[in-house]
Amino acid sequence: MELDMDTFLVTVYCLVDEVYAQQFAALKPRRRGRKAAMSDSEVLTLGLLAQWQRSRSEREFLRMARKPLAPYFPRWLSQSAFNRRLRDLAGALAHLAPAIAARTTELLGPSAYEVLDGVPVSLARRCRGQHHRCFANEAAIARGGSDHDWFFGQRLVLSVNAHGSITGAVSGPANTEEHWLAEALFRWRCDPTAPAPTAAQLDPLLGPTHRGGGHRQGPTGPLYLRGAAGVASDGVYLGDLGYQGRDWAQHWLDHYGVKLLTKAAYPSRAGKRWLSGLRQIVETVNGWLEDRFGLHFPRARTAWGFQTRLAAKLAAFNMVVLFNHLIGRPPFMAIELWAQ
């Protein structure tokens with residue numbers, strides 16, 4: 001089926017407005033002053049559409065998109081007003097990605113498994129982040145990516161189901177081990193109000209470690225995207241060897257009912273190839289996010305702005321997957337909104 005741009009734009013707005021009205025509209029406090037020029041649902045929709053702007057500049061997006069989107073958004077915001085409104089809705093924006101993924105699951109049925117993987121997200125050049133101390137303890141320097149190169153920023157852990165949807169995500173400073181990000185993901189899926197994990201909490205459960213002093217190093221800074229963690233899954237989780245560990249696996253199984261498999265569980269070469277084949281979907285998602293939505297360097301200048309942009313990218317990607325399934329196209333087929 002051919003892509004109809006009007007249908008896509010209307011679908012995005014209607015789904016965003018439905019989710020916002022059901023989950024968040026009643027929770028937002030009333031504020032004094034005149035009525036806003038744009039509704040919250042319209043601002044959230046523009047936040048998703050802004051991810052198609054190649055330059056990753058909100059100012060450029062608002063300038064370029066005003067004319068083609070005028071029939072759908074007759075009232076427009078300045079760049080500062082849009083920036084302020086969208087960041088004010090960062091919490092609602094974080095919940096959009098798992099909510100859209102749930103709609104895809106309703107359409108296609110439950111997924112038998114989910115795949116975990118970590119993604120490096122750069123927030124500044126390494127020298128700038130190191131010498132100017134940008135983002136305080138919210139970002140750090142570490143190695144990551146397929147080239148295992150140094151970067152300054154955060155590490156993002158994604159959970160992707162067999163349909164290609166991102167069902168959950170958690171981020172933290174780059175030098176935080178992925179075990180802790182996975183722990184936060186599983187914990188917040190079971191209890192969204194639970195505190196972030198710490199080494200002091202889990203040391204008695206996990207036992208001694210090979211590190212000096214026998215104590216683990218927990219998260220090195222605040223963890224983000226609590227609202228994007230999603231809901232608990234009945235299927236198994238597939239991870240790379242970075243998630244292996246007998247004590248971790250037993251803890252996740254006992255406390256969250258999570259069964260996580262890595263290559264270490266399959267001694268045969270055929271078993272390892274089979275698991276690697278299932279995990280390829282998360283590599284496709286990572287590549288799509290980096291190539292199409294600029295995930296590798298989102299150009300955020302504050303931690304709040306980073307959370308907002310990251311949540312918008314995840315929700316926009318899930319919208320692409322859902323819409324492609326609805327019209328019978330391959331799930332990762334690109335949608336071009338306008339000429340770049």
# chains A, B, ... in the order shown; residues from 1 in each chain; ligands from 1
$ closest_atom_pairs --of "segment 154-224 of chain A" --to "segment 87-101 of chain A" --cutoff "10 Å" --atoms "only C-alpha atoms" --output "JSON lines"
{"residue": "A:Val160", "atom": "CA", "partner": "A:Ala101", "partner_atom": "CA", "distance": 9.5}
{"residue": "A:Asn161", "atom": "CA", "partner": "A:Ala101", "partner_atom": "CA", "distance": 9.0}
{"residue": "A:His163", "atom": "CA", "partner": "A:Ala101", "partner_atom": "CA", "distance": 9.0}
{"residue": "A:Gly164", "atom": "CA", "partner": "A:Ala101", "partner_atom": "CA", "distance": 8.9}
{"residue": "A:Ser165", "atom": "CA", "partner": "A:Ala101", "partner_atom": "CA", "distance": 5.5}
{"residue": "A:Ile166", "atom": "CA", "partner": "A:Ala101", "partner_atom": "CA", "distance": 6.4}
{"residue": "A:Thr167", "atom": "CA", "partner": "A:Pro98", "partner_atom": "CA", "distance": 4.9}
{"residue": "A:Gly168", "atom": "CA", "partner": "A:Pro98", "partner_atom": "CA", "distance": 6.1}
{"residue": "A:Ala169", "atom": "CA", "partner": "A:Pro98", "partner_atom": "CA", "distance": 8.9}
{"residue": "A:Tyr224", "atom": "CA", "partner": "A:Ala94", "partner_atom": "CA", "distance": 9.8}
$ write_last_selection --atoms "N, CA and C atoms" --output "short mmCIF file (atom, residue, chain, number, x, y, z; two decimals), in the first residue's frame"
data_model
loop_
_atom_site.label_atom_id
_atom_site.label_comp_id
_atom_site.auth_asym_id
_atom_site.auth_seq_id
_atom_site.Cartn_x
_atom_site.Cartn_y
_atom_site.Cartn_z
N VAL A 160 13.55 -4.34 22.75
CA VAL A 160 12.84 -4.38 21.47
C VAL A 160 12.18 -5.75 21.33
N ASN A 161 10.89 -5.76 20.95
CA ASN A 161 10.20 -7.04 20.81
C ASN A 161 10.33 -7.57 19.38
N HIS A 163 8.26 -7.71 17.04
CA HIS A 163 7.58 -6.91 16.03
C HIS A 163 8.41 -5.71 15.59
N GLY A 164 9.51 -5.44 16.30
CA GLY A 164 10.35 -4.29 15.98
C GLY A 164 10.06 -3.05 16.79
N SER A 165 9.13 -3.11 17.73
CA SER A 165 8.78 -1.96 18.55
C SER A 165 9.69 -1.86 19.77
N ILE A 166 10.00 -0.64 20.18
CA ILE A 166 10.76 -0.41 21.41
C ILE A 166 9.78 -0.42 22.57
N THR A 167 9.82 -1.44 23.39
CA THR A 167 8.86 -1.57 24.48
C THR A 167 9.33 -0.91 25.76
N GLY A 168 10.60 -0.58 25.86
CA GLY A 168 11.11 0.07 27.07
C GLY A 168 12.51 0.59 26.86
N ALA A 169 12.90 1.56 27.69
CA ALA A 169 14.23 2.15 27.59
C ALA A 169 14.59 2.80 28.92
N TYR A 224 17.59 7.83 33.92
CA TYR A 224 16.50 8.57 33.29
C TYR A 224 15.54 7.65 32.54
#
$ select_by_dssp --residues "segment 20-221 of chain A" --states "helix (DSSP H, G or I)" --output "ChimeraX atom specification"
/A:20-23,25-27,40-52,58-65,79-88,90-108,126-132,136-138,178-190,199-206,212-214
$ select_by_dssp --residues "segment 108-296 of chain A" --states "strand (DSSP E)" --output "PyMOL selection string"
chain A and resi 113-124+140-144+149-161+166-173+236-238+260-261
$ residues_around --residues "segment 59-63 of chain A" --least-positions-apart "6" --cutoff "8 Å" --atoms "only C-alpha atoms" --output "list in words"
Ala50, Gln53, Ser78 and Gln79 of chain A
$ write_last_selection --atoms "N, CA, C and O atoms" --output "CSV table (one decimal), in the first residue's frame"
chain,number,residue,atom,x,y,z
A,50,ALA,N,9.2,16.5,14.6
A,50,ALA,CA,10.5,17.2,14.6
A,50,ALA,C,11.7,16.3,14.4
A,50,ALA,O,12.8,16.7,14.0
A,53,GLN,N,13.6,16.1,11.1
A,53,GLN,CA,14.4,17.2,10.6
A,53,GLN,C,15.9,16.7,10.7
A,53,GLN,O,16.4,16.4,11.8
A,78,SER,N,6.4,30.1,18.6
A,78,SER,CA,7.8,30.5,18.4
A,78,SER,C,8.7,29.4,18.9
A,78,SER,O,8.3,28.4,19.6
A,79,GLN,N,10.0,29.5,18.6
A,79,GLN,CA,10.9,28.5,18.9
A,79,GLN,C,11.1,28.3,20.5
A,79,GLN,O,11.1,27.2,21.0
$ residues_around --residues "Thr11 of chain A" --least-positions-apart "5" --cutoff "10 Å" --atoms "only C-alpha atoms" --output "list in words"
Met5, Asp6, Val16, Asp17, Met319 and Phe323 of chain A
$ closest_residue --among "A:Leu44, A:Met38, A:Ala196, A:Leu108" --to "Gly328 of chain A" --atoms "only C-alpha atoms"
A:Leu108
$ residues_around --residues "Val258 of chain A" --least-positions-apart "4" --cutoff "8 Å" --atoms "only C-alpha atoms" --output "PyMOL selection string"
chain A and resi 186+236-237+252-254
$ write_last_selection --atoms "all heavy atoms" --output "CSV table (one decimal), in the first residue's frame"
chain,number,residue,atom,x,y,z
A,186,PHE,N,13.9,-3.5,34.6
A,186,PHE,CA,13.1,-4.5,35.2
A,186,PHE,C,12.3,-4.0,36.4
A,186,PHE,O,11.2,-4.3,36.7
A,186,PHE,CB,13.9,-5.8,35.5
A,186,PHE,CG,14.6,-6.4,34.3
A,186,PHE,CD1,15.8,-7.0,34.4
A,186,PHE,CD2,14.0,-6.4,33.1
A,186,PHE,CE1,16.5,-7.5,33.3
A,186,PHE,CE2,14.6,-6.9,32.0
A,186,PHE,CZ,15.9,-7.5,32.1
A,236,VAL,N,10.8,-14.2,27.3
A,236,VAL,CA,12.1,-14.2,27.7
A,236,VAL,C,12.8,-13.0,27.2
A,236,VAL,O,12.4,-12.4,26.2
A,236,VAL,CB,12.9,-15.5,27.3
A,236,VAL,CG1,12.3,-16.7,27.9
A,236,VAL,CG2,13.0,-15.6,25.8
A,237,TYR,N,14.0,-12.6,27.8
A,237,TYR,CA,14.8,-11.5,27.3
A,237,TYR,C,16.1,-12.1,26.7
A,237,TYR,O,16.7,-13.0,27.3
A,237,TYR,CB,15.1,-10.6,28.4
A,237,TYR,CG,13.9,-9.8,28.9
A,237,TYR,CD1,13.0,-10.3,29.8
A,237,TYR,CD2,13.7,-8.5,28.4
A,237,TYR,CE1,11.9,-9.6,30.3
A,237,TYR,CE2,12.6,-7.7,28.9
A,237,TYR,CZ,11.7,-8.3,29.8
A,237,TYR,OH,10.6,-7.6,30.2
A,252,TRP,N,17.3,-11.5,39.0
A,252,TRP,CA,16.2,-11.0,38.1
A,252,TRP,C,15.1,-12.0,38.0
A,252,TRP,O,13.9,-11.7,38.0
A,252,TRP,CB,16.8,-10.7,36.7
A,252,TRP,CG,17.6,-9.5,36.6
A,252,TRP,CD1,17.6,-8.4,37.5
A,252,TRP,CD2,18.7,-9.3,35.7
A,252,TRP,NE1,18.6,-7.5,37.1
A,252,TRP,CE2,19.3,-8.0,36.1
A,252,TRP,CE3,19.3,-10.0,34.7
A,252,TRP,CZ2,20.3,-7.5,35.3
A,252,TRP,CZ3,20.3,-9.5,34.0
A,252,TRP,CH2,20.9,-8.2,34.3
A,253,LEU,N,15.4,-13.3,38.0
A,253,LEU,CA,14.4,-14.3,38.0
A,253,LEU,C,13.6,-14.4,39.3
A,253,LEU,O,12.4,-14.5,39.3
A,253,LEU,CB,15.0,-15.7,37.7
A,253,LEU,CG,14.1,-16.9,37.6
A,253,LEU,CD1,13.1,-16.7,36.4
A,253,LEU,CD2,14.9,-18.2,37.4
A,254,ASP,N,14.3,-14.3,40.4
A,254,ASP,CA,13.6,-14.4,41.7
A,254,ASP,C,12.7,-13.2,42.0
A,254,ASP,O,11.7,-13.3,42.6
A,254,ASP,CB,14.7,-14.6,42.8
A,254,ASP,CG,15.4,-15.9,42.7
A,254,ASP,OD1,14.9,-16.8,42.0
A,254,ASP,OD2,16.5,-16.1,43.3
$ residues_around --residues "Phe151 of chain A" --least-positions-apart "6" --cutoff "10 Å" --atoms "only C-alpha atoms" --output "PDB file with C-alpha atoms, in the first residue's frame"
ATOM      1  CA  PRO A 120      26.097   4.947  23.224  1.00  0.00           C
ATOM      2  CA  VAL A 121      24.586   8.434  22.934  1.00  0.00           C
ATOM      3  CA  SER A 122      27.076  11.309  22.651  1.00  0.00           C
ATOM      4  CA  LEU A 123      26.169  14.622  24.265  1.00  0.00           C
ATOM      5  CA  ALA A 124      29.351  16.547  23.454  1.00  0.00           C
ATOM      6  CA  ARG A 125      32.790  16.084  22.016  1.00  0.00           C
ATOM      7  CA  ARG A 126      34.946  14.141  24.421  1.00  0.00           C
ATOM      8  CA  CYS A 127      37.395  16.976  25.085  1.00  0.00           C
ATOM      9  CA  GLY A 129      32.751  17.183  28.083  1.00  0.00           C
ATOM     10  CA  ALA A 140      30.489  10.574  31.627  1.00  0.00           C
ATOM     11  CA  ILE A 141      33.274   9.287  29.375  1.00  0.00           C
ATOM     12  CA  ALA A 142      33.356   5.611  28.437  1.00  0.00           C
ATOM     13  CA  ARG A 143      33.813   3.218  25.533  1.00  0.00           C
ATOM     14  CA  GLY A 144      30.899   1.955  23.496  1.00  0.00           C
ATOM     15  CA  GLY A 145      29.447   1.132  20.106  1.00  0.00           C
ATOM     16  CA  ALA A 174      28.071   6.332  29.943  1.00  0.00           C
ATOM     17  CA  ASN A 175      30.318   4.626  32.497  1.00  0.00           C
TER      18      ASN A 175
END
$ closest_residue --among "A:Asn83, A:Phe306, A:Asn318, A:Asp291" --to "Arg54 of chain A" --atoms "only C-alpha atoms"
A:Asp291
$ atom_distance --atom1 "atom CA of Pro110 of chain A" --atom2 "atom CA of Ser233 of chain A"
9.2 Å
$ closest_residue --among "A:Gln217, A:Ala316, A:Ala303, A:Pro208" --to "Leu46 of chain A" --atoms "only C-alpha atoms"
A:Ala316
$ closest_residue --among "A:Asp191, A:Asp203, A:Glu283, A:Glu183" --to "Ala249 of chain A" --atoms "only C-alpha atoms"
A:Glu183
$ atom_distance --atom1 "atom CA of Asp234 of chain A" --atom2 "atom CA of Tyr113 of chain A"
8.1 Å
$ decode --residues "segment 263-300 of chain A" --atoms "N, CA and C atoms" --output "mmCIF file, in the first residue's frame"
data_model
loop_
_atom_site.group_PDB
_atom_site.id
_atom_site.type_symbol
_atom_site.label_atom_id
_atom_site.label_comp_id
_atom_site.auth_asym_id
_atom_site.auth_seq_id
_atom_site.Cartn_x
_atom_site.Cartn_y
_atom_site.Cartn_z
ATOM 1 N N LYS A 263 24.468 -15.865 24.963
ATOM 2 C CA LYS A 263 25.157 -16.944 24.263
ATOM 3 C C LYS A 263 25.757 -17.964 25.226
ATOM 4 N N ALA A 264 26.050 -17.517 26.435
ATOM 5 C CA ALA A 264 26.642 -18.426 27.408
ATOM 6 C C ALA A 264 25.715 -19.584 27.737
ATOM 7 N N ALA A 265 24.407 -19.431 27.509
ATOM 8 C CA ALA A 265 23.447 -20.502 27.789
ATOM 9 C C ALA A 265 23.411 -21.546 26.691
ATOM 10 N N TYR A 266 24.111 -21.315 25.569
ATOM 11 C CA TYR A 266 24.083 -22.240 24.433
ATOM 12 C C TYR A 266 25.509 -22.648 24.089
ATOM 13 N N PRO A 267 25.944 -23.827 24.544
ATOM 14 C CA PRO A 267 27.329 -24.241 24.284
ATOM 15 C C PRO A 267 27.598 -24.569 22.823
ATOM 16 N N SER A 268 26.582 -24.974 22.070
ATOM 17 C CA SER A 268 26.797 -25.369 20.679
ATOM 18 C C SER A 268 26.883 -24.139 19.774
ATOM 19 N N ARG A 269 27.598 -24.305 18.667
ATOM 20 C CA ARG A 269 27.721 -23.209 17.716
ATOM 21 C C ARG A 269 26.375 -22.894 17.068
ATOM 22 N N ALA A 270 25.588 -23.922 16.809
ATOM 23 C CA ALA A 270 24.269 -23.711 16.205
ATOM 24 C C ALA A 270 23.366 -22.895 17.129
ATOM 25 N N GLY A 271 23.418 -23.175 18.428
ATOM 26 C CA GLY A 271 22.616 -22.428 19.390
ATOM 27 C C GLY A 271 23.019 -20.966 19.457
ATOM 28 N N LYS A 272 24.328 -20.713 19.402
ATOM 29 C CA LYS A 272 24.803 -19.331 19.430
ATOM 30 C C LYS A 272 24.354 -18.581 18.181
ATOM 31 N N ARG A 273 24.413 -19.246 17.018
ATOM 32 C CA ARG A 273 23.965 -18.599 15.783
ATOM 33 C C ARG A 273 22.470 -18.314 15.828
ATOM 34 N N TRP A 274 21.707 -19.236 16.371
ATOM 35 C CA TRP A 274 20.263 -19.034 16.469
ATOM 36 C C TRP A 274 19.935 -17.824 17.338
ATOM 37 N N LEU A 275 20.628 -17.713 18.474
ATOM 38 C CA LEU A 275 20.377 -16.573 19.361
ATOM 39 C C LEU A 275 20.816 -15.272 18.706
ATOM 40 N N SER A 276 21.953 -15.299 18.024
ATOM 41 C CA SER A 276 22.430 -14.091 17.347
ATOM 42 C C SER A 276 21.449 -13.653 16.267
ATOM 43 N N GLY A 277 20.833 -14.609 15.589
ATOM 44 C CA GLY A 277 19.847 -14.278 14.576
ATOM 45 C C GLY A 277 18.630 -13.577 15.153
ATOM 46 N N LEU A 278 18.177 -14.020 16.308
ATOM 47 C CA LEU A 278 17.035 -13.372 16.952
ATOM 48 C C LEU A 278 17.382 -11.965 17.420
ATOM 49 N N ARG A 279 18.633 -11.772 17.825
ATOM 50 C CA ARG A 279 19.048 -10.470 18.348
ATOM 51 C C ARG A 279 19.302 -9.445 17.254
ATOM 52 N N GLN A 280 19.323 -9.844 16.001
ATOM 53 C CA GLN A 280 19.620 -8.903 14.931
ATOM 54 C C GLN A 280 18.595 -7.776 14.829
ATOM 55 N N ILE A 281 17.398 -8.025 15.317
ATOM 56 C CA ILE A 281 16.356 -7.000 15.192
ATOM 57 C C ILE A 281 16.711 -5.745 15.977
ATOM 58 N N VAL A 282 17.369 -5.909 17.111
ATOM 59 C CA VAL A 282 17.730 -4.726 17.901
ATOM 60 C C VAL A 282 18.856 -3.955 17.215
ATOM 61 N N GLU A 283 19.729 -4.651 16.495
ATOM 62 C CA GLU A 283 20.769 -3.949 15.749
ATOM 63 C C GLU A 283 20.148 -3.127 14.616
ATOM 64 N N THR A 284 19.106 -3.677 13.993
ATOM 65 C CA THR A 284 18.394 -2.930 12.951
ATOM 66 C C THR A 284 17.749 -1.679 13.528
ATOM 67 N N VAL A 285 17.131 -1.810 14.696
ATOM 68 C CA VAL A 285 16.502 -0.663 15.356
ATOM 69 C C VAL A 285 17.552 0.395 15.705
ATOM 70 N N ASN A 286 18.683 -0.029 16.261
ATOM 71 C CA ASN A 286 19.737 0.920 16.613
ATOM 72 C C ASN A 286 20.233 1.674 15.383
ATOM 73 N N GLY A 287 20.472 0.939 14.298
ATOM 74 C CA GLY A 287 20.931 1.581 13.074
ATOM 75 C C GLY A 287 19.905 2.549 12.510
ATOM 76 N N TRP A 288 18.623 2.188 12.586
ATOM 77 C CA TRP A 288 17.548 3.058 12.095
ATOM 78 C C TRP A 288 17.523 4.352 12.898
ATOM 79 N N LEU A 289 17.601 4.236 14.216
ATOM 80 C CA LEU A 289 17.561 5.423 15.071
ATOM 81 C C LEU A 289 18.755 6.341 14.817
ATOM 82 N N GLU A 290 19.920 5.761 14.591
ATOM 83 C CA GLU A 290 21.108 6.576 14.362
ATOM 84 C C GLU A 290 21.083 7.221 12.978
ATOM 85 N N ASP A 291 20.694 6.463 11.956
ATOM 86 C CA ASP A 291 20.733 6.979 10.590
ATOM 87 C C ASP A 291 19.607 7.965 10.314
ATOM 88 N N ARG A 292 18.404 7.669 10.792
ATOM 89 C CA ARG A 292 17.233 8.482 10.448
ATOM 90 C C ARG A 292 16.950 9.586 11.461
ATOM 91 N N PHE A 293 17.163 9.301 12.754
ATOM 92 C CA PHE A 293 16.775 10.257 13.795
ATOM 93 C C PHE A 293 17.961 10.837 14.557
ATOM 94 N N GLY A 294 19.175 10.517 14.130
ATOM 95 C CA GLY A 294 20.344 11.128 14.751
ATOM 96 C C GLY A 294 20.522 10.785 16.209
ATOM 97 N N LEU A 295 20.269 9.542 16.587
ATOM 98 C CA LEU A 295 20.379 9.157 17.998
ATOM 99 C C LEU A 295 21.802 9.301 18.518
ATOM 100 N N HIS A 296 22.787 9.062 17.686
ATOM 101 C CA HIS A 296 24.177 9.065 18.156
ATOM 102 C C HIS A 296 24.579 10.423 18.727
ATOM 103 N N PHE A 297 24.035 11.524 18.179
ATOM 104 C CA PHE A 297 24.392 12.863 18.669
ATOM 105 C C PHE A 297 23.152 13.749 18.584
ATOM 106 N N PRO A 298 22.304 13.731 19.618
ATOM 107 C CA PRO A 298 21.021 14.451 19.554
ATOM 108 C C PRO A 298 21.108 15.961 19.736
ATOM 109 N N ARG A 299 22.287 16.492 19.989
ATOM 110 C CA ARG A 299 22.506 17.943 20.115
ATOM 111 C C ARG A 299 21.745 18.546 21.300
ATOM 112 N N ALA A 300 21.643 17.823 22.376
ATOM 113 C CA ALA A 300 21.003 18.353 23.582
ATOM 114 C C ALA A 300 22.037 19.115 24.412
#
